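Novice: Please find target11.txt (compact mmCIF, N, CA and C atoms) on the next line:
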# COMPACT_ATOMS: atom_id res chain seq x y z
N MET R 187 74.43 145.91 334.28
CA MET R 187 73.91 145.63 332.96
C MET R 187 73.66 146.93 332.20
N ARG R 188 73.13 147.88 332.90
CA ARG R 188 72.82 149.15 332.26
C ARG R 188 74.09 149.86 331.80
N THR R 189 75.12 149.78 332.56
CA THR R 189 76.39 150.42 332.22
C THR R 189 76.98 149.77 330.95
N VAL R 190 76.83 148.47 330.84
CA VAL R 190 77.33 147.77 329.66
C VAL R 190 76.59 148.24 328.41
N LEU R 191 75.29 148.41 328.49
CA LEU R 191 74.50 148.88 327.36
C LEU R 191 74.89 150.31 326.97
N ILE R 192 75.12 151.15 327.95
CA ILE R 192 75.53 152.53 327.67
C ILE R 192 76.88 152.54 326.98
N VAL R 193 77.82 151.75 327.48
CA VAL R 193 79.15 151.68 326.88
C VAL R 193 79.06 151.12 325.46
N ALA R 194 78.24 150.11 325.26
CA ALA R 194 78.08 149.52 323.93
C ALA R 194 77.46 150.54 322.96
N THR R 195 76.47 151.28 323.44
CA THR R 195 75.84 152.30 322.61
C THR R 195 76.85 153.39 322.24
N LEU R 196 77.63 153.84 323.19
CA LEU R 196 78.65 154.86 322.91
C LEU R 196 79.70 154.33 321.94
N ALA R 197 80.07 153.08 322.07
CA ALA R 197 81.04 152.48 321.16
C ALA R 197 80.46 152.42 319.74
N GLU R 198 79.20 152.05 319.62
CA GLU R 198 78.55 152.00 318.31
C GLU R 198 78.46 153.39 317.68
N VAL R 199 78.12 154.38 318.49
CA VAL R 199 78.04 155.75 317.98
C VAL R 199 79.42 156.22 317.54
N ALA R 200 80.44 155.92 318.32
CA ALA R 200 81.80 156.30 317.97
C ALA R 200 82.23 155.62 316.67
N LEU R 201 81.90 154.34 316.53
CA LEU R 201 82.23 153.61 315.31
C LEU R 201 81.50 154.20 314.11
N LEU R 202 80.25 154.56 314.29
CA LEU R 202 79.47 155.18 313.22
C LEU R 202 80.09 156.50 312.80
N VAL R 203 80.50 157.30 313.76
CA VAL R 203 81.12 158.60 313.46
C VAL R 203 82.43 158.38 312.72
N VAL R 204 83.22 157.40 313.12
CA VAL R 204 84.49 157.12 312.45
C VAL R 204 84.26 156.68 311.01
N VAL R 205 83.28 155.80 310.80
CA VAL R 205 82.99 155.31 309.45
C VAL R 205 82.50 156.46 308.57
N LEU R 206 81.59 157.28 309.09
CA LEU R 206 81.09 158.41 308.31
C LEU R 206 82.20 159.41 308.00
N ALA R 207 83.06 159.67 308.95
CA ALA R 207 84.17 160.60 308.73
C ALA R 207 85.11 160.05 307.66
N THR R 208 85.35 158.75 307.70
CA THR R 208 86.22 158.13 306.69
C THR R 208 85.63 158.28 305.30
N TYR R 209 84.33 158.00 305.17
CA TYR R 209 83.68 158.15 303.87
C TYR R 209 83.71 159.61 303.39
N LEU R 210 83.50 160.55 304.29
CA LEU R 210 83.55 161.96 303.91
C LEU R 210 84.95 162.37 303.46
N ILE R 211 85.96 161.84 304.10
CA ILE R 211 87.34 162.14 303.70
C ILE R 211 87.63 161.56 302.32
N VAL R 212 87.15 160.34 302.07
CA VAL R 212 87.34 159.73 300.75
C VAL R 212 86.61 160.53 299.67
N ILE R 213 85.39 160.95 299.96
CA ILE R 213 84.63 161.75 299.00
C ILE R 213 85.32 163.08 298.75
N ALA R 214 85.82 163.72 299.79
CA ALA R 214 86.52 165.00 299.62
C ALA R 214 87.77 164.83 298.77
N ALA R 215 88.51 163.75 298.98
CA ALA R 215 89.71 163.50 298.16
C ALA R 215 89.34 163.27 296.71
N THR R 216 88.26 162.55 296.47
CA THR R 216 87.81 162.31 295.10
C THR R 216 87.40 163.62 294.44
N LEU R 217 86.69 164.45 295.16
CA LEU R 217 86.27 165.74 294.62
C LEU R 217 87.47 166.64 294.32
N ARG R 218 88.51 166.56 295.13
CA ARG R 218 89.72 167.34 294.86
C ARG R 218 90.38 166.88 293.57
N ARG R 219 90.44 165.55 293.37
CA ARG R 219 91.03 165.03 292.12
C ARG R 219 90.20 165.44 290.91
N VAL R 220 88.89 165.38 291.04
CA VAL R 220 88.01 165.79 289.94
C VAL R 220 88.20 167.27 289.64
N SER R 221 88.31 168.07 290.68
CA SER R 221 88.52 169.51 290.50
C SER R 221 89.84 169.78 289.78
N ALA R 222 90.88 169.06 290.15
CA ALA R 222 92.18 169.24 289.49
C ALA R 222 92.09 168.83 288.03
N THR R 223 91.40 167.74 287.75
CA THR R 223 91.25 167.28 286.37
C THR R 223 90.45 168.29 285.55
N LEU R 224 89.39 168.83 286.11
CA LEU R 224 88.60 169.84 285.41
C LEU R 224 89.42 171.09 285.15
N GLY R 225 90.29 171.44 286.07
CA GLY R 225 91.18 172.58 285.85
C GLY R 225 92.10 172.35 284.68
N LEU R 226 92.65 171.13 284.56
CA LEU R 226 93.52 170.81 283.42
C LEU R 226 92.74 170.82 282.11
N VAL R 227 91.53 170.31 282.14
CA VAL R 227 90.70 170.30 280.93
C VAL R 227 90.38 171.73 280.50
N THR R 228 90.03 172.58 281.46
CA THR R 228 89.74 173.99 281.17
C THR R 228 90.96 174.68 280.58
N PHE R 229 92.13 174.40 281.14
CA PHE R 229 93.36 174.98 280.63
C PHE R 229 93.60 174.53 279.19
N GLY R 230 93.39 173.25 278.91
CA GLY R 230 93.57 172.72 277.57
C GLY R 230 92.60 173.33 276.56
N VAL R 231 91.34 173.48 276.97
CA VAL R 231 90.34 174.06 276.07
C VAL R 231 90.68 175.51 275.76
N ARG R 232 91.15 176.25 276.75
CA ARG R 232 91.55 177.63 276.50
C ARG R 232 92.74 177.70 275.56
N ALA R 233 93.68 176.77 275.71
CA ALA R 233 94.84 176.75 274.82
C ALA R 233 94.39 176.46 273.38
N ILE R 234 93.47 175.51 273.23
CA ILE R 234 92.95 175.21 271.88
C ILE R 234 92.24 176.42 271.30
N GLU R 235 91.47 177.10 272.14
CA GLU R 235 90.75 178.30 271.68
C GLU R 235 91.73 179.35 271.16
N GLN R 236 92.79 179.57 271.90
CA GLN R 236 93.75 180.59 271.50
C GLN R 236 94.50 180.19 270.23
N GLN R 237 94.79 178.90 270.09
CA GLN R 237 95.54 178.45 268.92
C GLN R 237 94.68 178.44 267.66
N THR R 238 93.38 178.26 267.81
CA THR R 238 92.50 178.22 266.63
C THR R 238 91.81 179.56 266.37
N GLU R 239 92.09 180.55 267.17
CA GLU R 239 91.47 181.86 267.04
C GLU R 239 91.81 182.50 265.68
N GLN R 240 92.97 182.22 265.16
CA GLN R 240 93.44 182.81 263.91
C GLN R 240 92.74 182.23 262.69
N LEU R 241 92.01 181.14 262.86
CA LEU R 241 91.38 180.48 261.72
C LEU R 241 90.15 181.21 261.20
N GLY R 242 89.53 182.06 262.00
CA GLY R 242 88.30 182.73 261.60
C GLY R 242 88.40 183.46 260.28
N PRO R 243 89.29 184.42 260.15
CA PRO R 243 89.40 185.16 258.88
C PRO R 243 89.82 184.26 257.71
N VAL R 244 90.68 183.31 257.97
CA VAL R 244 91.15 182.41 256.90
C VAL R 244 90.00 181.56 256.39
N LEU R 245 89.18 181.05 257.30
CA LEU R 245 88.04 180.24 256.90
C LEU R 245 87.02 181.04 256.11
N THR R 246 86.88 182.31 256.41
CA THR R 246 85.99 183.17 255.63
C THR R 246 86.48 183.27 254.19
N ASP R 247 87.78 183.46 254.01
CA ASP R 247 88.36 183.52 252.67
C ASP R 247 88.17 182.19 251.94
N ILE R 248 88.37 181.11 252.64
CA ILE R 248 88.21 179.78 252.03
C ILE R 248 86.76 179.57 251.60
N ASN R 249 85.81 179.98 252.44
CA ASN R 249 84.39 179.83 252.09
C ASN R 249 84.03 180.65 250.86
N VAL R 250 84.58 181.86 250.75
CA VAL R 250 84.32 182.69 249.56
C VAL R 250 84.86 181.98 248.32
N ALA R 251 86.07 181.45 248.42
CA ALA R 251 86.67 180.75 247.28
C ALA R 251 85.86 179.51 246.91
N LEU R 252 85.37 178.78 247.92
CA LEU R 252 84.57 177.59 247.65
C LEU R 252 83.23 177.94 247.01
N GLU R 253 82.66 179.08 247.38
CA GLU R 253 81.41 179.52 246.75
C GLU R 253 81.65 179.86 245.28
N GLN R 254 82.80 180.45 244.98
CA GLN R 254 83.14 180.76 243.59
C GLN R 254 83.32 179.46 242.79
N VAL R 255 83.96 178.48 243.40
CA VAL R 255 84.15 177.19 242.73
C VAL R 255 82.80 176.52 242.50
N ALA R 256 81.93 176.57 243.49
CA ALA R 256 80.60 175.97 243.35
C ALA R 256 79.82 176.65 242.22
N GLY R 257 79.92 177.96 242.15
CA GLY R 257 79.26 178.69 241.07
C GLY R 257 79.82 178.30 239.71
N ALA R 258 81.14 178.17 239.61
CA ALA R 258 81.76 177.78 238.34
C ALA R 258 81.35 176.37 237.95
N LEU R 259 81.23 175.49 238.93
CA LEU R 259 80.80 174.12 238.64
C LEU R 259 79.35 174.08 238.17
N ASP R 260 78.51 174.92 238.75
CA ASP R 260 77.12 175.01 238.30
C ASP R 260 77.07 175.47 236.84
N GLU R 261 77.87 176.49 236.51
CA GLU R 261 77.91 176.99 235.14
C GLU R 261 78.42 175.91 234.18
N ALA R 262 79.43 175.17 234.62
CA ALA R 262 79.99 174.11 233.78
C ALA R 262 78.96 172.99 233.57
N ALA R 263 78.18 172.73 234.58
CA ALA R 263 77.16 171.68 234.48
C ALA R 263 76.02 172.12 233.55
N LYS R 264 75.73 173.41 233.49
CA LYS R 264 74.65 173.92 232.65
C LYS R 264 75.07 174.07 231.18
N ALA R 265 76.36 174.15 230.91
CA ALA R 265 76.86 174.34 229.55
C ALA R 265 76.52 173.13 228.71
N PRO R 266 76.15 173.35 227.44
CA PRO R 266 75.82 172.21 226.57
C PRO R 266 77.06 171.37 226.28
N ALA R 267 76.84 170.09 226.19
CA ALA R 267 77.94 169.17 225.91
C ALA R 267 78.30 169.24 224.44
N ARG R 268 79.55 169.14 224.10
CA ARG R 268 80.01 169.22 222.69
C ARG R 268 80.18 167.86 222.11
Represent the structure from my file as structure tokens, please.

Specialist:
Amino acid sequence: MRTVLIVATLAEVALLVVVLATYLIVIAATLRRVSATLGLVTFGVRAIEQQTEQLGPVLTDINVALEQVAGALDEAAKAPAR
């Protein structure tokens, strides 16, 4: 009887180890996929950064022009109506 209990206990421990190992393998595979996806996202963000890097000076010029237009509109709004 004692031998049967020992064998059953060892079988349960072995089954537990197999189940835990399986879950760890599944988690590791999921983490690998997430890591690959994050790598692609990082690559895409860097590409966007490089492509939009040239907009800085142009946007400064546009903002200056828009400030001039806003000033002209203020002057036009203050002018007496004819």

Novice: Could you jot down the atom C of Met187 (chain R) to atom N of Ala200 (chain R) separation for me, Å, one decimal place?

Specialist: 17.9 Å

Novice: Quote the spacing between CA of Leu226 (chain R) and atom N of Val212 (chain R) in Å to one decimal place.

Specialist: 22.3 Å

Novice: What separation in Å, quoted to one decimal, exists between atom N of Thr208 (chain R) and atom C of Thr189 (chain R)?

Specialist: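 About the pair atom N of Thr208 (chain R) and atom C of Thr189 (chain R): they are 26.3 Å apart.
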